[in-house]
Amino acid sequence: MNKSADLTFLRRALALAKRATGRTSPNPLVGAVLVRRGRIIGQGWHRRAGEPHAEIEALRDAARRGQDPGGATLYVTLEPCCTHGRTPPCTDAIRAAGIARAVVAAKDPNAAHAGRGLAILRRAGVEVAQGLLAVEAERLNEAFNHWIVHRTPFVTVKAAMTLDGKIATASGESKWITGEKARAEGMKLRRRADAILVGVNTVLADDPSLTARGVRGSRLRRIILDSRARTPLYAKVVSDEFAALTTVVVSKAAPKKRVAALAQRVNVLVAPVVRRGSRPTPHAPRLDLRWLLKKLGAENVTSLLVEGGGEVNASFLLEGRAQRVAFFYAPKILGGRDAKSAVGGAGVERIEDKISLRDVEWRRLGPDLYLSARL
């Protein structure tokens, strides 16, 4: 098979993998295509955690078509698993099917398993090619890859702002800064995430729903940073049909009666606070984000979308807790020294301490601009 054909079928596998966006966590997105004599005889993708992997789906699809996979080429976006989990190893099924060649985009990100599946296939006489479209495949699963390595969620800080970096007026008015296309793209970010996080000031000012609209059976978790337990019991995140998916993160300094009242409706998590010197900050204890991210990672939250406001955004960015930014810019100017900024906090004192972005991508969404970049 020539490289052009390999690219074509591997791109098809990537497109199949994307069909399950937002539904496979804590498993990766994977697509697979079976090809013989230049023709697809079976294809599939991993649809949901606990269900068959992409390779198995492709083999079953070939069987439904009455096609024998013996001697075929398997195109798959991620190295086939070689260990027993919720499902048997895919390497066993590939060998049993008589696959002659495997074209694999990305290796397993788990250092304990990386390359083992490929080695097993090679020892079984399968010709293996790996690395084609690896960058695209790794980007598809950047959240999963980060979680596998660090056991903390991949954090994206998202904000919609004016050209002068404002997310709200001094009075707190913020709807709507960006247009429909930008808001639709923002909703896509929610659909890809396992959890969304805001600070209590956002809840108090906007009473947001924080849901992934348009996704049937969405299990998007909602995390509220609220050291003093000020979240009202009438807030949507506490009182709507998804209240069981809400976690309010408080500190020990929160009034016990408020904590108890919230705990009757939502999950309450008591987190340690960041100490300055020997004592916590006096008026608004800062919750320990490092501790929280480890806690969420242990609960299989692989991707976390932070939607601020400005103080929460600053905490994640200036403490180095975020991996990506998703900033939407509207061609508007608010001005005002008291208007709310997308990134607040104390900022950096020296220009050399600035936060630098890499892998910068710009897109135009109607009149607005969308910036996506790694930190």
# chains A, B, ... in the order shown; residues from 1 in each chain; ligands from 1

call {"tool": "residues_around", "arguments": {"residues": "segment 121-131 of chain A", "least_positions_apart": "2", "cutoff": "12 Å", "atoms": "only C-alpha atoms", "output": "JSON, numbers by chain"}}
result
{"A": [1, 2, 3, 6, 7, 10, 70, 71, 72, 73, 74, 75, 76, 77, 78, 79, 80, 81, 82, 89, 90, 91, 92, 93, 94, 95, 96, 97, 98, 99, 100, 101, 102, 103, 104, 105, 106, 107, 108, 114, 115, 116, 117, 118, 119, 133, 134, 135, 136, 137, 138]}

call {"tool": "write_last_selection", "arguments": {"atoms": "C-alpha atoms", "output": "short mmCIF file (atom, residue, chain, number, x, y, z; two decimals), in the first residue's frame"}}
result
data_model
loop_
_atom_site.label_atom_id
_atom_site.label_comp_id
_atom_site.auth_asym_id
_atom_site.auth_seq_id
_atom_site.Cartn_x
_atom_site.Cartn_y
_atom_site.Cartn_z
CA MET A 1 0.00 0.00 0.00
CA ASN A 2 1.42 3.43 -0.87
CA LYS A 3 1.66 6.38 1.51
CA ASP A 6 -2.32 5.02 4.00
CA LEU A 7 -3.04 8.70 4.64
CA LEU A 10 -5.94 6.77 8.42
CA GLY A 70 -7.68 -12.32 6.92
CA GLY A 71 -4.82 -10.66 5.04
CA ALA A 72 -6.34 -7.18 5.37
CA THR A 73 -4.70 -3.96 6.57
CA LEU A 74 -5.92 -2.39 9.79
CA TYR A 75 -5.74 1.39 10.12
CA VAL A 76 -6.13 2.55 13.70
CA THR A 77 -5.56 5.94 15.36
CA LEU A 78 -4.07 4.58 18.60
CA GLU A 79 -1.86 1.62 19.44
CA PRO A 80 -4.06 -1.44 20.08
CA CYS A 81 -4.36 -2.35 23.76
CA CYS A 82 -2.51 -5.41 25.00
CA PRO A 89 -6.79 -7.13 24.63
CA CYS A 90 -7.35 -5.96 21.06
CA THR A 91 -4.00 -7.48 20.07
CA ASP A 92 -5.52 -10.94 20.65
CA ALA A 93 -8.43 -10.21 18.32
CA ILE A 94 -6.15 -8.76 15.65
CA ARG A 95 -3.92 -11.83 15.66
CA ALA A 96 -6.88 -14.20 15.66
CA ALA A 97 -8.41 -12.39 12.66
CA GLY A 98 -5.29 -12.90 10.57
CA ILE A 99 -4.63 -9.21 9.93
CA ALA A 100 -1.55 -8.92 7.72
CA ARG A 101 -0.63 -5.27 8.28
CA ALA A 102 -1.38 -2.60 10.88
CA VAL A 103 -0.94 1.14 10.32
CA VAL A 104 -1.01 2.88 13.70
CA ALA A 105 -0.99 6.65 14.17
CA ALA A 106 -0.11 7.24 17.85
CA LYS A 107 1.55 5.08 20.47
CA ASP A 108 -0.10 4.36 23.80
CA ALA A 114 3.80 2.20 25.02
CA GLY A 115 5.06 0.01 22.19
CA ARG A 116 4.03 -3.28 23.81
CA GLY A 117 0.99 -3.74 21.60
CA LEU A 118 3.06 -3.05 18.49
CA ALA A 119 5.73 -5.52 19.61
CA LEU A 133 -0.55 11.33 11.36
CA ALA A 134 0.70 10.87 14.93
CA VAL A 135 0.46 14.60 15.72
CA GLU A 136 -3.18 14.72 14.63
CA ALA A 137 -4.00 11.58 16.61
CA GLU A 138 -2.27 12.88 19.74
#

call {"tool": "closest_residue", "arguments": {"among": "A:Gly320, A:Gly297, A:Gly186, A:Gly309", "to": "His146 of chain A", "atoms": "only C-alpha atoms"}}
result
A:Gly297

call {"tool": "closest_atom_pairs", "arguments": {"of": "segment 127-225 of chain A", "to": "segment 359-370 of chain A", "cutoff": "9 Å", "atoms": "only C-alpha atoms", "output": "tab-separated table"}}
result
residue	atom	partner	partner_atom	distance
A:Thr178	CA	A:Asp368	CA	6.6
A:Gly179	CA	A:Asp368	CA	7.0
A:Glu180	CA	A:Gly366	CA	8.1
A:Lys181	CA	A:Leu365	CA	5.5
A:Ala182	CA	A:Leu365	CA	5.7
A:Glu185	CA	A:Leu365	CA	8.5

call {"tool": "write_last_selection", "arguments": {"atoms": "C-alpha atoms", "output": "compact mmCIF listing (two decimals), in the first residue's frame"}}
result
# COMPACT_ATOMS: atom_id res chain seq x y z
CA THR A 178 -19.54 37.46 21.44
CA GLY A 179 -21.83 36.37 18.59
CA GLU A 180 -23.71 33.17 17.89
CA LYS A 181 -20.89 31.35 16.09
CA ALA A 182 -18.45 32.00 18.93
CA GLU A 185 -17.91 26.96 19.50

call {"tool": "residues_around", "arguments": {"residues": "Ala243 of chain A", "least_positions_apart": "3", "cutoff": "9 Å", "atoms": "only C-alpha atoms", "output": "list in words"}}
result
Arg222, Lys236, Val237, Val238, Ser239, Asp240, Thr246, Thr247, Arg265, Val266 and Asn267 of chain A

call {"tool": "select_by_dssp", "arguments": {"residues": "segment 156-365 of chain A", "states": "strand (DSSP E or B)", "output": "PDB file with N, CA and C atoms, in the first residue's frame"}}
result
ATOM      1  N   THR A 156      -8.430  23.513  30.359  1.00  0.00           N
ATOM      2  CA  THR A 156      -8.565  24.571  29.362  1.00  0.00           C
ATOM      3  C   THR A 156      -9.253  25.765  30.009  1.00  0.00           C
ATOM      4  N   VAL A 157      -8.623  26.935  29.929  1.00  0.00           N
ATOM      5  CA  VAL A 157      -9.236  28.163  30.436  1.00  0.00           C
ATOM      6  C   VAL A 157      -9.920  28.862  29.271  1.00  0.00           C
ATOM      7  N   LYS A 158     -11.231  29.023  29.388  1.00  0.00           N
ATOM      8  CA  LYS A 158     -12.038  29.610  28.323  1.00  0.00           C
ATOM      9  C   LYS A 158     -12.608  30.948  28.772  1.00  0.00           C
ATOM     10  N   ALA A 159     -12.556  31.952  27.890  1.00  0.00           N
ATOM     11  CA  ALA A 159     -13.132  33.255  28.198  1.00  0.00           C
ATOM     12  C   ALA A 159     -13.570  33.931  26.912  1.00  0.00           C
ATOM     13  N   ALA A 160     -14.676  34.666  26.999  1.00  0.00           N
ATOM     14  CA  ALA A 160     -15.164  35.487  25.886  1.00  0.00           C
ATOM     15  C   ALA A 160     -15.039  36.937  26.314  1.00  0.00           C
ATOM     16  N   MET A 161     -14.335  37.732  25.515  1.00  0.00           N
ATOM     17  CA  MET A 161     -13.990  39.088  25.955  1.00  0.00           C
ATOM     18  C   MET A 161     -14.013  40.092  24.811  1.00  0.00           C
ATOM     19  N   THR A 162     -13.940  41.353  25.187  1.00  0.00           N
ATOM     20  CA  THR A 162     -13.815  42.427  24.209  1.00  0.00           C
ATOM     21  C   THR A 162     -12.354  42.530  23.784  1.00  0.00           C
ATOM     22  N   LYS A 166     -12.019  42.674  28.355  1.00  0.00           N
ATOM     23  CA  LYS A 166     -13.042  42.765  29.387  1.00  0.00           C
ATOM     24  C   LYS A 166     -14.122  41.698  29.173  1.00  0.00           C
ATOM     25  N   ILE A 167     -14.560  41.096  30.286  1.00  0.00           N
ATOM     26  CA  ILE A 167     -15.623  40.087  30.212  1.00  0.00           C
ATOM     27  C   ILE A 167     -16.943  40.606  30.777  1.00  0.00           C
ATOM     28  N   ALA A 168     -16.909  41.758  31.402  1.00  0.00           N
ATOM     29  CA  ALA A 168     -18.132  42.345  31.958  1.00  0.00           C
ATOM     30  C   ALA A 168     -17.867  43.803  32.301  1.00  0.00           C
ATOM     31  N   ALA A 195     -15.838  18.019  32.940  1.00  0.00           N
ATOM     32  CA  ALA A 195     -16.328  18.902  34.000  1.00  0.00           C
ATOM     33  C   ALA A 195     -16.079  20.351  33.614  1.00  0.00           C
ATOM     34  N   ILE A 196     -16.916  21.224  34.160  1.00  0.00           N
ATOM     35  CA  ILE A 196     -16.773  22.664  33.956  1.00  0.00           C
ATOM     36  C   ILE A 196     -16.648  23.315  35.323  1.00  0.00           C
ATOM     37  N   LEU A 197     -15.787  24.322  35.429  1.00  0.00           N
ATOM     38  CA  LEU A 197     -15.520  24.951  36.721  1.00  0.00           C
ATOM     39  C   LEU A 197     -15.672  26.463  36.631  1.00  0.00           C
ATOM     40  N   VAL A 198     -16.342  27.040  37.632  1.00  0.00           N
ATOM     41  CA  VAL A 198     -16.443  28.495  37.760  1.00  0.00           C
ATOM     42  C   VAL A 198     -16.262  28.860  39.227  1.00  0.00           C
ATOM     43  N   GLY A 199     -16.078  30.153  39.472  1.00  0.00           N
ATOM     44  CA  GLY A 199     -16.029  30.645  40.832  1.00  0.00           C
ATOM     45  C   GLY A 199     -17.409  31.063  41.301  1.00  0.00           C
ATOM     46  N   ARG A 221     -19.950  17.325  34.674  1.00  0.00           N
ATOM     47  CA  ARG A 221     -19.900  17.725  36.078  1.00  0.00           C
ATOM     48  C   ARG A 221     -19.716  19.229  36.197  1.00  0.00           C
ATOM     49  N   ARG A 222     -20.282  19.822  37.247  1.00  0.00           N
ATOM     50  CA  ARG A 222     -20.182  21.257  37.470  1.00  0.00           C
ATOM     51  C   ARG A 222     -19.469  21.491  38.798  1.00  0.00           C
ATOM     52  N   ILE A 223     -18.348  22.189  38.748  1.00  0.00           N
ATOM     53  CA  ILE A 223     -17.527  22.433  39.921  1.00  0.00           C
ATOM     54  C   ILE A 223     -17.586  23.929  40.249  1.00  0.00           C
ATOM     55  N   ILE A 224     -17.965  24.262  41.482  1.00  0.00           N
ATOM     56  CA  ILE A 224     -18.050  25.649  41.919  1.00  0.00           C
ATOM     57  C   ILE A 224     -17.017  25.887  43.017  1.00  0.00           C
ATOM     58  N   LEU A 225     -16.080  26.807  42.796  1.00  0.00           N
ATOM     59  CA  LEU A 225     -15.118  27.178  43.828  1.00  0.00           C
ATOM     60  C   LEU A 225     -15.778  28.206  44.740  1.00  0.00           C
ATOM     61  N   THR A 246     -23.377  18.501  40.449  1.00  0.00           N
ATOM     62  CA  THR A 246     -22.711  19.698  40.955  1.00  0.00           C
ATOM     63  C   THR A 246     -21.879  19.380  42.187  1.00  0.00           C
ATOM     64  N   THR A 247     -20.670  19.916  42.214  1.00  0.00           N
ATOM     65  CA  THR A 247     -19.817  19.839  43.396  1.00  0.00           C
ATOM     66  C   THR A 247     -19.432  21.257  43.802  1.00  0.00           C
ATOM     67  N   VAL A 248     -19.754  21.639  45.019  1.00  0.00           N
ATOM     68  CA  VAL A 248     -19.346  22.926  45.560  1.00  0.00           C
ATOM     69  C   VAL A 248     -18.122  22.693  46.432  1.00  0.00           C
ATOM     70  N   VAL A 249     -17.027  23.351  46.092  1.00  0.00           N
ATOM     71  CA  VAL A 249     -15.770  23.165  46.817  1.00  0.00           C
ATOM     72  C   VAL A 249     -15.621  24.295  47.830  1.00  0.00           C
ATOM     73  N   VAL A 250     -15.600  23.934  49.097  1.00  0.00           N
ATOM     74  CA  VAL A 250     -15.525  24.915  50.179  1.00  0.00           C
ATOM     75  C   VAL A 250     -14.247  24.711  50.979  1.00  0.00           C
ATOM     76  N   ASN A 267     -23.143  17.788  45.898  1.00  0.00           N
ATOM     77  CA  ASN A 267     -21.927  17.268  46.515  1.00  0.00           C
ATOM     78  C   ASN A 267     -21.116  18.435  47.080  1.00  0.00           C
ATOM     79  N   VAL A 268     -20.603  18.291  48.255  1.00  0.00           N
ATOM     80  CA  VAL A 268     -19.757  19.315  48.865  1.00  0.00           C
ATOM     81  C   VAL A 268     -18.396  18.709  49.156  1.00  0.00           C
ATOM     82  N   LEU A 269     -17.362  19.410  48.744  1.00  0.00           N
ATOM     83  CA  LEU A 269     -15.989  18.952  48.935  1.00  0.00           C
ATOM     84  C   LEU A 269     -15.246  19.994  49.755  1.00  0.00           C
ATOM     85  N   VAL A 270     -14.664  19.587  50.865  1.00  0.00           N
ATOM     86  CA  VAL A 270     -13.880  20.494  51.706  1.00  0.00           C
ATOM     87  C   VAL A 270     -12.421  20.378  51.297  1.00  0.00           C
ATOM     88  N   VAL A 273      -6.630  25.007  51.908  1.00  0.00           N
ATOM     89  CA  VAL A 273      -6.406  26.332  51.334  1.00  0.00           C
ATOM     90  C   VAL A 273      -4.922  26.574  51.160  1.00  0.00           C
ATOM     91  N   ARG A 275      -1.744  28.554  51.806  1.00  0.00           N
ATOM     92  CA  ARG A 275      -1.304  29.394  52.921  1.00  0.00           C
ATOM     93  C   ARG A 275      -0.200  30.346  52.488  1.00  0.00           C
ATOM     94  N   ARG A 276      -0.294  31.552  52.971  1.00  0.00           N
ATOM     95  CA  ARG A 276       0.763  32.536  52.763  1.00  0.00           C
ATOM     96  C   ARG A 276       1.466  32.709  54.102  1.00  0.00           C
ATOM     97  N   ARG A 279      -0.335  31.433  57.814  1.00  0.00           N
ATOM     98  CA  ARG A 279      -1.775  31.545  57.974  1.00  0.00           C
ATOM     99  C   ARG A 279      -2.472  31.651  56.626  1.00  0.00           C
ATOM    100  N   PRO A 280      -3.736  31.185  56.539  1.00  0.00           N
ATOM    101  CA  PRO A 280      -4.488  31.341  55.306  1.00  0.00           C
ATOM    102  C   PRO A 280      -4.772  32.815  55.054  1.00  0.00           C
ATOM    103  N   LEU A 287      -8.514  28.356  47.673  1.00  0.00           N
ATOM    104  CA  LEU A 287      -8.540  26.898  47.664  1.00  0.00           C
ATOM    105  C   LEU A 287      -7.316  26.354  46.931  1.00  0.00           C
ATOM    106  N   SER A 303     -10.711  15.869  31.607  1.00  0.00           N
ATOM    107  CA  SER A 303     -10.652  17.206  31.008  1.00  0.00           C
ATOM    108  C   SER A 303     -11.536  18.162  31.793  1.00  0.00           C
ATOM    109  N   LEU A 304     -10.991  19.333  32.103  1.00  0.00           N
ATOM    110  CA  LEU A 304     -11.689  20.333  32.895  1.00  0.00           C
ATOM    111  C   LEU A 304     -11.708  21.646  32.133  1.00  0.00           C
ATOM    112  N   LEU A 305     -12.897  22.205  31.955  1.00  0.00           N
ATOM    113  CA  LEU A 305     -13.060  23.491  31.284  1.00  0.00           C
ATOM    114  C   LEU A 305     -13.297  24.553  32.348  1.00  0.00           C
ATOM    115  N   VAL A 306     -12.397  25.518  32.434  1.00  0.00           N
ATOM    116  CA  VAL A 306     -12.513  26.598  33.409  1.00  0.00           C
ATOM    117  C   VAL A 306     -13.107  27.811  32.706  1.00  0.00           C
ATOM    118  N   ARG A 324      -4.179  24.712  28.274  1.00  0.00           N
ATOM    119  CA  ARG A 324      -4.632  25.350  27.030  1.00  0.00           C
ATOM    120  C   ARG A 324      -5.522  26.539  27.359  1.00  0.00           C
ATOM    121  N   VAL A 325      -5.499  27.540  26.491  1.00  0.00           N
ATOM    122  CA  VAL A 325      -6.461  28.639  26.587  1.00  0.00           C
ATOM    123  C   VAL A 325      -7.354  28.608  25.357  1.00  0.00           C
ATOM    124  N   ALA A 326      -8.603  29.002  25.553  1.00  0.00           N
ATOM    125  CA  ALA A 326      -9.570  29.158  24.469  1.00  0.00           C
ATOM    126  C   ALA A 326     -10.207  30.527  24.660  1.00  0.00           C
ATOM    127  N   PHE A 327      -9.678  31.520  23.982  1.00  0.00           N
ATOM    128  CA  PHE A 327     -10.119  32.896  24.161  1.00  0.00           C
ATOM    129  C   PHE A 327     -10.888  33.364  22.924  1.00  0.00           C
ATOM    130  N   PHE A 328     -12.064  33.925  23.168  1.00  0.00           N
ATOM    131  CA  PHE A 328     -12.904  34.474  22.106  1.00  0.00           C
ATOM    132  C   PHE A 328     -12.882  35.999  22.219  1.00  0.00           C
ATOM    133  N   TYR A 329     -12.586  36.670  21.104  1.00  0.00           N
ATOM    134  CA  TYR A 329     -12.485  38.125  21.098  1.00  0.00           C
ATOM    135  C   TYR A 329     -13.567  38.728  20.204  1.00  0.00           C
ATOM    136  N   ALA A 330     -14.356  39.619  20.779  1.00  0.00           N
ATOM    137  CA  ALA A 330     -15.375  40.331  20.013  1.00  0.00           C
ATOM    138  C   ALA A 330     -14.848  41.709  19.624  1.00  0.00           C
ATOM    139  N   LYS A 340     -14.615  44.232  34.461  1.00  0.00           N
ATOM    140  CA  LYS A 340     -14.038  42.936  34.807  1.00  0.00           C
ATOM    141  C   LYS A 340     -13.150  42.418  33.674  1.00  0.00           C
ATOM    142  N   SER A 341     -11.939  42.011  34.034  1.00  0.00           N
ATOM    143  CA  SER A 341     -10.987  41.494  33.053  1.00  0.00           C
ATOM    144  C   SER A 341     -11.069  39.974  32.964  1.00  0.00           C
ATOM    145  N   ARG A 358       2.065  28.776  22.974  1.00  0.00           N
ATOM    146  CA  ARG A 358       2.664  28.086  21.823  1.00  0.00           C
ATOM    147  C   ARG A 358       1.568  27.359  21.048  1.00  0.00           C
ATOM    148  N   ASP A 359       1.935  26.872  19.889  1.00  0.00           N
ATOM    149  CA  ASP A 359       0.973  26.183  19.018  1.00  0.00           C
ATOM    150  C   ASP A 359      -0.292  27.040  18.850  1.00  0.00           C
ATOM    151  N   VAL A 360      -0.072  28.305  18.569  1.00  0.00           N
ATOM    152  CA  VAL A 360      -1.168  29.273  18.501  1.00  0.00           C
ATOM    153  C   VAL A 360      -1.987  29.075  17.221  1.00  0.00           C
ATOM    154  N   GLU A 361      -3.296  29.025  17.390  1.00  0.00           N
ATOM    155  CA  GLU A 361      -4.209  28.899  16.258  1.00  0.00           C
ATOM    156  C   GLU A 361      -5.276  29.991  16.350  1.00  0.00           C
ATOM    157  N   TRP A 362      -5.506  30.691  15.248  1.00  0.00           N
ATOM    158  CA  TRP A 362      -6.555  31.710  15.182  1.00  0.00           C
ATOM    159  C   TRP A 362      -7.611  31.271  14.186  1.00  0.00           C
ATOM    160  N   ARG A 363      -8.871  31.500  14.533  1.00  0.00           N
ATOM    161  CA  ARG A 363      -9.973  31.240  13.606  1.00  0.00           C
ATOM    162  C   ARG A 363     -10.948  32.401  13.667  1.00  0.00           C
ATOM    163  N   ARG A 364     -11.572  32.652  12.549  1.00  0.00           N
ATOM    164  CA  ARG A 364     -12.605  33.687  12.526  1.00  0.00           C
ATOM    165  C   ARG A 364     -13.970  33.020  12.641  1.00  0.00           C
ATOM    166  N   LEU A 365     -14.778  33.498  13.561  1.00  0.00           N
ATOM    167  CA  LEU A 365     -16.120  32.975  13.779  1.00  0.00           C
ATOM    168  C   LEU A 365     -17.102  34.136  13.643  1.00  0.00           C
TER     169      LEU A 365
END

call {"tool": "select_by_dssp", "arguments": {"residues": "segment 119-313 of chain A", "states": "helix (DSSP H, G or I)", "output": "MDAnalysis selection string"}}
result
chainID A and resid 119:123 134:140 142:150 180:192 200:206 236:239 243:245 256:263 289:298 310:313

call {"tool": "closest_residue", "arguments": {"among": "A:Leu34, A:Ala298, A:Ala54, A:Ala339", "to": "Gln67 of chain A", "atoms": "only C-alpha atoms"}}
result
A:Leu34

call {"tool": "closest_residue", "arguments": {"among": "A:Arg39, A:Arg192, A:Lys175, A:Lys256", "to": "Phe144 of chain A", "atoms": "only C-alpha atoms"}}
result
A:Arg192

call {"tool": "residues_around", "arguments": {"residues": "Pro26 of chain A", "least_positions_apart": "3", "cutoff": "8 Å", "atoms": "only C-alpha atoms", "output": "ChimeraX atom specification"}}
result
/A:49,144,300-302

call {"tool": "write_last_selection", "arguments": {"atoms": "all heavy atoms", "output": "mmCIF file, in the first residue's frame"}}
result
data_model
loop_
_atom_site.group_PDB
_atom_site.id
_atom_site.type_symbol
_atom_site.label_atom_id
_atom_site.label_comp_id
_atom_site.auth_asym_id
_atom_site.auth_seq_id
_atom_site.Cartn_x
_atom_site.Cartn_y
_atom_site.Cartn_z
ATOM 1 N N ALA A 49 -17.010 4.352 27.011
ATOM 2 C CA ALA A 49 -16.204 3.543 27.926
ATOM 3 C C ALA A 49 -16.972 2.296 28.341
ATOM 4 O O ALA A 49 -18.155 2.360 28.666
ATOM 5 C CB ALA A 49 -15.840 4.362 29.159
ATOM 6 N N PHE A 144 -6.900 13.040 27.326
ATOM 7 C CA PHE A 144 -6.665 11.678 27.802
ATOM 8 C C PHE A 144 -5.181 11.431 28.016
ATOM 9 O O PHE A 144 -4.775 10.866 29.048
ATOM 10 C CB PHE A 144 -7.219 10.677 26.792
ATOM 11 C CG PHE A 144 -6.840 9.246 27.068
ATOM 12 C CD1 PHE A 144 -7.513 8.508 28.024
ATOM 13 C CD2 PHE A 144 -5.797 8.645 26.369
ATOM 14 C CE1 PHE A 144 -7.155 7.187 28.292
ATOM 15 C CE2 PHE A 144 -5.431 7.328 26.627
ATOM 16 C CZ PHE A 144 -6.114 6.597 27.589
ATOM 17 N N ASN A 300 -11.541 10.187 37.758
ATOM 18 C CA ASN A 300 -11.621 9.963 36.310
ATOM 19 C C ASN A 300 -12.094 11.182 35.524
ATOM 20 O O ASN A 300 -12.663 11.046 34.438
ATOM 21 C CB ASN A 300 -12.511 8.765 35.979
ATOM 22 C CG ASN A 300 -11.870 7.443 36.362
ATOM 23 O OD1 ASN A 300 -10.662 7.377 36.585
ATOM 24 N ND2 ASN A 300 -12.665 6.400 36.461
ATOM 25 N N VAL A 301 -11.861 12.376 36.059
ATOM 26 C CA VAL A 301 -12.096 13.598 35.284
ATOM 27 C C VAL A 301 -10.836 13.839 34.462
ATOM 28 O O VAL A 301 -9.796 14.206 35.002
ATOM 29 C CB VAL A 301 -12.389 14.804 36.197
ATOM 30 C CG1 VAL A 301 -12.516 16.080 35.367
ATOM 31 C CG2 VAL A 301 -13.670 14.558 36.982
ATOM 32 N N THR A 302 -10.916 13.598 33.156
ATOM 33 C CA THR A 302 -9.735 13.734 32.305
ATOM 34 C C THR A 302 -9.590 15.129 31.721
ATOM 35 O O THR A 302 -8.493 15.539 31.363
ATOM 36 C CB THR A 302 -9.786 12.715 31.147
ATOM 37 O OG1 THR A 302 -10.875 13.039 30.272
ATOM 38 C CG2 THR A 302 -9.960 11.301 31.664
#

call {"tool": "decode", "arguments": {"residues": "segment 181-199 of chain A", "atoms": "N, CA and C atoms", "output": "short mmCIF file (atom, residue, chain, number, x, y, z; two decimals), in the first residue's frame"}}
result
data_model
loop_
_atom_site.label_atom_id
_atom_site.label_comp_id
_atom_site.auth_asym_id
_atom_site.auth_seq_id
_atom_site.Cartn_x
_atom_site.Cartn_y
_atom_site.Cartn_z
N LYS A 181 -21.87 32.36 16.50
CA LYS A 181 -20.89 31.35 16.09
C LYS A 181 -19.85 31.10 17.18
N ALA A 182 -19.42 32.16 17.84
CA ALA A 182 -18.45 32.00 18.93
C ALA A 182 -19.08 31.25 20.10
N ARG A 183 -20.32 31.57 20.41
CA ARG A 183 -20.99 30.88 21.51
C ARG A 183 -21.21 29.41 21.19
N ALA A 184 -21.48 29.11 19.92
CA ALA A 184 -21.64 27.70 19.52
C ALA A 184 -20.32 26.95 19.67
N GLU A 185 -19.21 27.60 19.34
CA GLU A 185 -17.91 26.96 19.50
C GLU A 185 -17.60 26.75 20.98
N GLY A 186 -18.00 27.70 21.81
CA GLY A 186 -17.82 27.54 23.24
C GLY A 186 -18.61 26.37 23.79
N MET A 187 -19.80 26.16 23.23
CA MET A 187 -20.61 25.02 23.67
C MET A 187 -19.95 23.71 23.26
N LYS A 188 -19.26 23.68 22.13
CA LYS A 188 -18.53 22.48 21.72
C LYS A 188 -17.45 22.13 22.74
N LEU A 189 -16.82 23.16 23.29
CA LEU A 189 -15.79 22.91 24.31
C LEU A 189 -16.41 22.23 25.52
N ARG A 190 -17.61 22.64 25.89
CA ARG A 190 -18.29 22.00 27.02
C ARG A 190 -18.61 20.54 26.70
N ARG A 191 -19.03 20.27 25.50
CA ARG A 191 -19.40 18.90 25.14
C ARG A 191 -18.21 17.96 25.17
N ARG A 192 -17.01 18.52 24.98
CA ARG A 192 -15.80 17.68 25.00
C ARG A 192 -15.26 17.47 26.40
N ALA A 193 -15.71 18.28 27.35
CA ALA A 193 -15.14 18.25 28.70
C ALA A 193 -15.88 17.27 29.61
N ASP A 194 -15.17 16.78 30.62
CA ASP A 194 -15.79 15.96 31.66
C ASP A 194 -16.42 16.84 32.73
N ALA A 195 -15.84 18.02 32.94
CA ALA A 195 -16.33 18.90 34.00
C ALA A 195 -16.08 20.35 33.61
N ILE A 196 -16.92 21.22 34.16
CA ILE A 196 -16.77 22.66 33.96
C ILE A 196 -16.65 23.31 35.32
N LEU A 197 -15.79 24.32 35.43
CA LEU A 197 -15.52 24.95 36.72
C LEU A 197 -15.67 26.46 36.63
N VAL A 198 -16.34 27.04 37.63
CA VAL A 198 -16.44 28.49 37.76
C VAL A 198 -16.26 28.86 39.23
N GLY A 199 -16.08 30.15 39.47
CA GLY A 199 -16.03 30.65 40.83
C GLY A 199 -17.41 31.06 41.30
#
